[in-house]
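S.K.: My structure file run-v2.cif, mmCIF, N, CA and C atoms, is below:
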data_structure
#
loop_
_atom_site.label_atom_id
_atom_site.label_comp_id
_atom_site.auth_asym_id
_atom_site.auth_seq_id
_atom_site.Cartn_x
_atom_site.Cartn_y
_atom_site.Cartn_z
N MET C 18 -69.23 36.25 44.67
CA MET C 18 -68.95 36.34 43.26
C MET C 18 -67.99 35.20 42.91
N SER C 19 -68.42 34.34 42.02
CA SER C 19 -67.57 33.24 41.62
C SER C 19 -67.00 33.52 40.24
N ILE C 20 -65.88 32.92 39.98
CA ILE C 20 -65.21 33.11 38.70
C ILE C 20 -65.41 31.85 37.88
N ASN C 21 -65.89 32.00 36.67
CA ASN C 21 -66.04 30.88 35.77
C ASN C 21 -64.70 30.65 35.08
N LYS C 22 -64.06 29.54 35.40
CA LYS C 22 -62.69 29.27 34.92
C LYS C 22 -62.62 29.18 33.40
N LYS C 23 -63.65 28.60 32.76
CA LYS C 23 -63.62 28.46 31.30
C LYS C 23 -63.69 29.83 30.63
N VAL C 24 -64.49 30.73 31.19
CA VAL C 24 -64.60 32.07 30.63
C VAL C 24 -63.28 32.81 30.78
N LEU C 25 -62.66 32.71 31.94
CA LEU C 25 -61.40 33.41 32.17
C LEU C 25 -60.28 32.81 31.34
N ALA C 26 -60.33 31.51 31.10
CA ALA C 26 -59.30 30.88 30.28
C ALA C 26 -59.46 31.26 28.82
N SER C 27 -60.67 31.67 28.42
CA SER C 27 -60.89 32.02 27.02
C SER C 27 -60.39 33.42 26.68
N VAL C 28 -60.07 34.22 27.68
CA VAL C 28 -59.53 35.56 27.45
C VAL C 28 -58.10 35.42 26.95
N ASN C 29 -57.79 36.15 25.90
CA ASN C 29 -56.45 36.11 25.33
C ASN C 29 -55.45 36.67 26.35
N PRO C 30 -54.45 35.87 26.76
CA PRO C 30 -53.50 36.34 27.76
C PRO C 30 -52.48 37.35 27.24
N LEU C 31 -52.51 37.61 25.94
CA LEU C 31 -51.57 38.57 25.36
C LEU C 31 -52.16 39.96 25.36
N VAL C 32 -51.33 40.94 25.58
CA VAL C 32 -51.76 42.33 25.61
C VAL C 32 -52.03 42.79 24.18
N GLU C 33 -53.17 43.46 23.99
CA GLU C 33 -53.53 44.01 22.68
C GLU C 33 -53.66 45.52 22.81
N THR C 34 -53.39 46.20 21.73
CA THR C 34 -53.62 47.65 21.74
C THR C 34 -55.12 47.89 21.59
N ARG C 35 -55.60 48.91 22.25
CA ARG C 35 -57.03 49.25 22.21
C ARG C 35 -57.21 50.65 21.68
N ASP C 36 -58.32 50.87 21.02
CA ASP C 36 -58.65 52.18 20.49
C ASP C 36 -59.16 53.05 21.63
N VAL C 37 -58.52 54.17 21.83
CA VAL C 37 -58.86 55.06 22.95
C VAL C 37 -60.27 55.61 22.78
N THR C 38 -60.67 55.89 21.57
CA THR C 38 -62.03 56.43 21.36
C THR C 38 -63.09 55.38 21.67
N ALA C 39 -62.79 54.10 21.42
CA ALA C 39 -63.75 53.04 21.76
C ALA C 39 -63.90 52.91 23.27
N ILE C 40 -62.81 53.10 23.99
CA ILE C 40 -62.87 53.07 25.45
C ILE C 40 -63.68 54.26 25.96
N LYS C 41 -63.47 55.40 25.36
CA LYS C 41 -64.15 56.62 25.79
C LYS C 41 -65.66 56.55 25.51
N GLU C 42 -66.05 55.91 24.43
CA GLU C 42 -67.46 55.87 24.03
C GLU C 42 -68.35 55.13 25.03
N LYS C 43 -67.80 54.21 25.77
CA LYS C 43 -68.60 53.42 26.70
C LYS C 43 -69.19 54.28 27.83
N THR C 44 -68.40 55.18 28.39
CA THR C 44 -68.87 55.99 29.52
C THR C 44 -68.93 57.48 29.18
N GLY C 45 -68.32 57.88 28.10
CA GLY C 45 -68.28 59.29 27.75
C GLY C 45 -67.01 59.98 28.23
N ASN C 46 -66.21 59.28 29.03
CA ASN C 46 -64.99 59.85 29.57
C ASN C 46 -63.94 58.73 29.64
N LEU C 47 -62.78 58.99 29.07
CA LEU C 47 -61.72 57.99 29.02
C LEU C 47 -61.29 57.57 30.42
N TYR C 48 -61.09 58.53 31.30
CA TYR C 48 -60.60 58.24 32.64
C TYR C 48 -61.63 57.48 33.47
N GLU C 49 -62.89 57.80 33.26
CA GLU C 49 -63.95 57.08 33.97
C GLU C 49 -64.00 55.62 33.52
N SER C 50 -63.81 55.38 32.24
CA SER C 50 -63.77 54.02 31.72
C SER C 50 -62.60 53.24 32.31
N ILE C 51 -61.46 53.90 32.43
CA ILE C 51 -60.28 53.25 33.00
C ILE C 51 -60.51 52.92 34.47
N VAL C 52 -61.18 53.81 35.20
CA VAL C 52 -61.49 53.55 36.61
C VAL C 52 -62.42 52.35 36.74
N VAL C 53 -63.43 52.25 35.87
CA VAL C 53 -64.35 51.12 35.91
C VAL C 53 -63.59 49.82 35.67
N MET C 54 -62.72 49.80 34.68
CA MET C 54 -61.94 48.59 34.38
C MET C 54 -60.97 48.25 35.51
N SER C 55 -60.35 49.27 36.10
CA SER C 55 -59.38 48.99 37.16
C SER C 55 -60.06 48.47 38.42
N ARG C 56 -61.24 48.98 38.73
CA ARG C 56 -61.96 48.47 39.91
C ARG C 56 -62.39 47.02 39.69
N ARG C 57 -62.82 46.71 38.49
CA ARG C 57 -63.19 45.33 38.19
C ARG C 57 -61.96 44.42 38.23
N ALA C 58 -60.84 44.91 37.75
CA ALA C 58 -59.60 44.13 37.79
C ALA C 58 -59.19 43.85 39.23
N ASN C 59 -59.37 44.82 40.12
CA ASN C 59 -59.07 44.60 41.53
C ASN C 59 -59.99 43.54 42.13
N GLN C 60 -61.27 43.58 41.78
CA GLN C 60 -62.21 42.56 42.26
C GLN C 60 -61.78 41.18 41.79
N LEU C 61 -61.46 41.06 40.51
CA LEU C 61 -61.03 39.77 39.96
C LEU C 61 -59.76 39.28 40.63
N SER C 62 -58.83 40.18 40.85
CA SER C 62 -57.56 39.81 41.46
C SER C 62 -57.75 39.27 42.87
N VAL C 63 -58.56 39.93 43.65
CA VAL C 63 -58.82 39.49 45.03
C VAL C 63 -59.52 38.13 45.02
N THR C 64 -60.50 37.97 44.15
CA THR C 64 -61.24 36.71 44.08
C THR C 64 -60.34 35.56 43.65
N MET C 65 -59.51 35.81 42.66
CA MET C 65 -58.59 34.77 42.18
C MET C 65 -57.59 34.40 43.27
N LYS C 66 -57.09 35.39 43.98
CA LYS C 66 -56.11 35.13 45.03
C LYS C 66 -56.72 34.31 46.16
N GLU C 67 -57.93 34.66 46.56
CA GLU C 67 -58.60 33.91 47.62
C GLU C 67 -58.86 32.47 47.18
N ASP C 68 -59.30 32.31 45.94
CA ASP C 68 -59.58 30.98 45.41
C ASP C 68 -58.32 30.13 45.34
N LEU C 69 -57.24 30.71 44.88
CA LEU C 69 -55.97 29.99 44.80
C LEU C 69 -55.47 29.60 46.19
N HIS C 70 -55.55 30.49 47.15
CA HIS C 70 -55.09 30.18 48.51
C HIS C 70 -55.94 29.08 49.14
N LYS C 71 -57.26 29.09 48.87
CA LYS C 71 -58.11 28.02 49.40
C LYS C 71 -57.69 26.67 48.84
N LYS C 72 -57.41 26.64 47.54
CA LYS C 72 -57.02 25.37 46.91
C LYS C 72 -55.65 24.91 47.39
N LEU C 73 -54.73 25.83 47.56
CA LEU C 73 -53.38 25.45 47.97
C LEU C 73 -53.29 25.13 49.46
N ASP C 74 -54.21 25.67 50.26
CA ASP C 74 -54.21 25.36 51.69
C ASP C 74 -54.53 23.90 51.96
N GLU C 75 -55.22 23.25 51.03
CA GLU C 75 -55.51 21.83 51.18
C GLU C 75 -54.23 21.00 51.21
N PHE C 76 -53.21 21.48 50.53
CA PHE C 76 -51.96 20.74 50.41
C PHE C 76 -50.94 21.08 51.48
N SER C 77 -51.18 22.16 52.20
CA SER C 77 -50.17 22.60 53.16
C SER C 77 -50.27 21.80 54.45
N SER C 78 -49.13 21.49 54.99
CA SER C 78 -49.07 20.89 56.32
C SER C 78 -48.05 21.71 57.10
N HIS C 79 -48.42 22.09 58.27
CA HIS C 79 -47.60 23.01 59.05
C HIS C 79 -46.53 22.30 59.88
N THR C 80 -46.50 20.99 59.81
CA THR C 80 -45.54 20.25 60.61
C THR C 80 -44.31 19.83 59.82
N ASP C 81 -44.33 20.03 58.51
CA ASP C 81 -43.20 19.63 57.67
C ASP C 81 -41.98 20.50 57.91
N THR C 82 -40.85 19.88 57.82
CA THR C 82 -39.60 20.62 57.83
C THR C 82 -39.13 20.71 56.39
N LEU C 83 -38.06 21.41 56.16
CA LEU C 83 -37.56 21.56 54.80
C LEU C 83 -37.20 20.23 54.17
N GLU C 84 -36.74 19.27 54.94
CA GLU C 84 -36.36 17.98 54.40
C GLU C 84 -37.57 17.14 54.00
N GLU C 85 -38.73 17.39 54.64
CA GLU C 85 -39.90 16.58 54.40
C GLU C 85 -40.79 17.09 53.28
N ILE C 86 -40.52 18.25 52.73
CA ILE C 86 -41.34 18.81 51.67
C ILE C 86 -41.08 18.03 50.39
N HIS C 87 -42.16 17.61 49.75
CA HIS C 87 -42.03 16.86 48.51
C HIS C 87 -42.94 17.46 47.44
N GLU C 88 -42.74 17.02 46.25
CA GLU C 88 -43.47 17.54 45.10
C GLU C 88 -44.86 16.93 45.04
N ASN C 89 -45.87 17.76 44.87
CA ASN C 89 -47.24 17.29 44.73
C ASN C 89 -47.74 17.70 43.35
N LYS C 90 -48.07 16.73 42.53
CA LYS C 90 -48.45 17.01 41.14
C LYS C 90 -49.75 17.79 41.02
N GLU C 91 -50.71 17.53 41.90
CA GLU C 91 -51.97 18.28 41.87
C GLU C 91 -51.73 19.75 42.20
N GLN C 92 -50.89 20.00 43.16
CA GLN C 92 -50.57 21.38 43.55
C GLN C 92 -49.88 22.10 42.40
N ILE C 93 -48.98 21.42 41.74
CA ILE C 93 -48.27 22.03 40.60
C ILE C 93 -49.25 22.33 39.47
N GLU C 94 -50.19 21.42 39.22
CA GLU C 94 -51.17 21.63 38.15
C GLU C 94 -52.09 22.81 38.45
N ILE C 95 -52.49 22.96 39.70
CA ILE C 95 -53.32 24.11 40.09
C ILE C 95 -52.55 25.41 39.88
N SER C 96 -51.29 25.42 40.28
CA SER C 96 -50.47 26.62 40.11
C SER C 96 -50.29 26.95 38.63
N ARG C 97 -50.08 25.95 37.82
CA ARG C 97 -49.91 26.19 36.37
C ARG C 97 -51.18 26.73 35.74
N MET C 98 -52.34 26.23 36.20
CA MET C 98 -53.61 26.71 35.65
C MET C 98 -53.76 28.21 35.91
N TYR C 99 -53.42 28.64 37.13
CA TYR C 99 -53.55 30.06 37.45
C TYR C 99 -52.49 30.90 36.73
N GLU C 100 -51.33 30.32 36.46
CA GLU C 100 -50.31 31.06 35.71
C GLU C 100 -50.72 31.25 34.26
N ARG C 101 -51.46 30.30 33.69
CA ARG C 101 -51.88 30.40 32.30
C ARG C 101 -53.04 31.36 32.11
N MET C 102 -53.76 31.66 33.17
CA MET C 102 -54.91 32.56 33.06
C MET C 102 -54.43 33.97 32.74
N ALA C 103 -55.30 34.70 32.07
CA ALA C 103 -54.96 36.07 31.69
C ALA C 103 -54.91 36.96 32.94
N ASN C 104 -54.16 38.02 32.81
CA ASN C 104 -54.03 39.03 33.85
C ASN C 104 -55.42 39.58 34.18
N PRO C 105 -55.73 39.87 35.46
CA PRO C 105 -57.04 40.43 35.80
C PRO C 105 -57.37 41.74 35.05
N ALA C 106 -56.37 42.52 34.74
CA ALA C 106 -56.62 43.75 33.98
C ALA C 106 -57.10 43.43 32.56
N LEU C 107 -56.53 42.40 31.95
CA LEU C 107 -56.98 41.98 30.62
C LEU C 107 -58.38 41.39 30.67
N GLN C 108 -58.67 40.65 31.73
CA GLN C 108 -60.00 40.08 31.89
C GLN C 108 -61.04 41.19 32.08
N ALA C 109 -60.71 42.18 32.88
CA ALA C 109 -61.62 43.30 33.12
C ALA C 109 -61.85 44.10 31.85
N THR C 110 -60.80 44.30 31.07
CA THR C 110 -60.94 45.01 29.80
C THR C 110 -61.85 44.25 28.86
N ASN C 111 -61.68 42.94 28.81
CA ASN C 111 -62.51 42.11 27.96
C ASN C 111 -63.98 42.19 28.40
N GLU C 112 -64.23 42.11 29.69
CA GLU C 112 -65.59 42.24 30.21
C GLU C 112 -66.17 43.60 29.91
N PHE C 113 -65.36 44.63 30.00
CA PHE C 113 -65.83 46.00 29.74
C PHE C 113 -66.29 46.15 28.29
N PHE C 114 -65.52 45.61 27.36
CA PHE C 114 -65.87 45.73 25.95
C PHE C 114 -67.04 44.83 25.56
N GLU C 115 -67.29 43.78 26.32
CA GLU C 115 -68.42 42.90 26.04
C GLU C 115 -69.66 43.29 26.85
N ASP C 116 -69.61 44.46 27.51
CA ASP C 116 -70.71 44.99 28.32
C ASP C 116 -71.15 44.02 29.41
N LYS C 117 -70.22 43.38 30.06
CA LYS C 117 -70.50 42.46 31.16
C LYS C 117 -70.30 43.12 32.52
N ILE C 118 -69.89 44.38 32.54
CA ILE C 118 -69.66 45.10 33.78
C ILE C 118 -70.79 46.10 33.97
N TYR C 119 -71.39 46.05 35.15
CA TYR C 119 -72.41 47.02 35.50
C TYR C 119 -71.75 48.12 36.31
N TYR C 120 -71.95 49.35 35.91
CA TYR C 120 -71.39 50.48 36.63
C TYR C 120 -72.44 51.61 36.63
N ARG C 121 -72.33 52.47 37.62
CA ARG C 121 -73.26 53.62 37.70
C ARG C 121 -72.53 54.78 38.35
N LYS C 122 -73.04 55.96 38.09
CA LYS C 122 -72.47 57.16 38.72
C LYS C 122 -73.24 57.43 40.00
N LYS C 123 -72.54 57.95 40.99
CA LYS C 123 -73.19 58.31 42.25
C LYS C 123 -74.00 59.57 42.08
#
Rewrite the coordinates I just gave you, this time as structure tokens.
M.R.:
Amino acid sequence: MSINKKVLASVNPLVETRDVTAIKEKTGNLYESIVVMSRRANQLSVTMKEDLHKKLDEFSSHTDTLEEIHENKEQIEISRMYERMANPALQATNEFFEDKIYYRKK
């Protein structure tokens, strides 16, 4: 599962209030809807973390001492990009309301 950076960047990073009845209408149960969103948020979080670590591992060198560590502008830019992205919970909520999440009952 890959994350489209432009789509994730388009999610509003600010928290918005949501109508509880609109959340409930999607699955018929408020708590079930919350579980669907939270599981998707966990998936997004793990994927983002793995992606970030892969990108930052390119810059790491295990032989440096504290005196030899220097500032890398590309590394800083990658970190800033991930900091500007919306919280995985907000992304999952946005996907849930746009019907981009597939879920089923067992």
S.K.: Compile the contact shell of Asn29 in chain C as a ChimeraX atom specification: residues with an atom at most 10 Å away, counting only C-alpha atoms, same-chain residues fewer than 5 positions apart removed.
M.R.: /C:102-104,107-108,111
S.K.: Find, counting only N, CA and C atoms, the residue in C:Gln92, C:Ile118, C:Glu42, C:Thr34 that gets nearest to Phe76 in chain C.
M.R.: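 The closest residue to Phe76 in chain C is C:Gln92.
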S.K.: Pick from C:Leu31, C:Tyr119, C:Val53, C:Tyr48: nearest to Arg101 in chain C, with only C-alpha atoms counted?
M.R.: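 Selected residue with least distance to Arg101 in chain C: C:Leu31.
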S.K.: Range 68-73 of chain C: which residues within 8 Å, counting only C-alpha atoms, same-chain residues fewer than 3 positions away excluded, as a list in words?
M.R.: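 That gives Thr64, Met65, Phe76, Ser77, Gln92, Ile95, Ser96 and Tyr99 of chain C.
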S.K.: Residue by residue, what does the PyMOL selection byres (((chain C and resi 40 and name CA) around 12) and name CA) grab here? Present the result as a PyMOL selection string.
M.R.: chain C and resi 34-39+41-54+110-111+113-116
S.K.: Got a sec to tell me which of range 28-113 of chain C DSSP assigns to alpha helix (DSSP H), as a ChimeraX atom specification?
M.R.: /C:37-44,47-74,90-101,105-113
S.K.: How many Å separate atom N of Ser62 in chain C from atom N of Asn89 in chain C?
M.R.: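 Atom N of Asn89 in chain C lies 26.2 Å from atom N of Ser62 in chain C.
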S.K.: Between CA of Met98 in chain C and CA of Arg57 in chain C, what is the distance, to one decimal in Å?
M.R.: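 Those two atoms sit 21.1 Å apart.
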S.K.: When you draw a straight line from atom C of Tyr120 in chain C to atom N of Ala58 in chain C, how long is it in Å?
M.R.: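 Atom C of Tyr120 in chain C sits 13.4 Å away from atom N of Ala58 in chain C.
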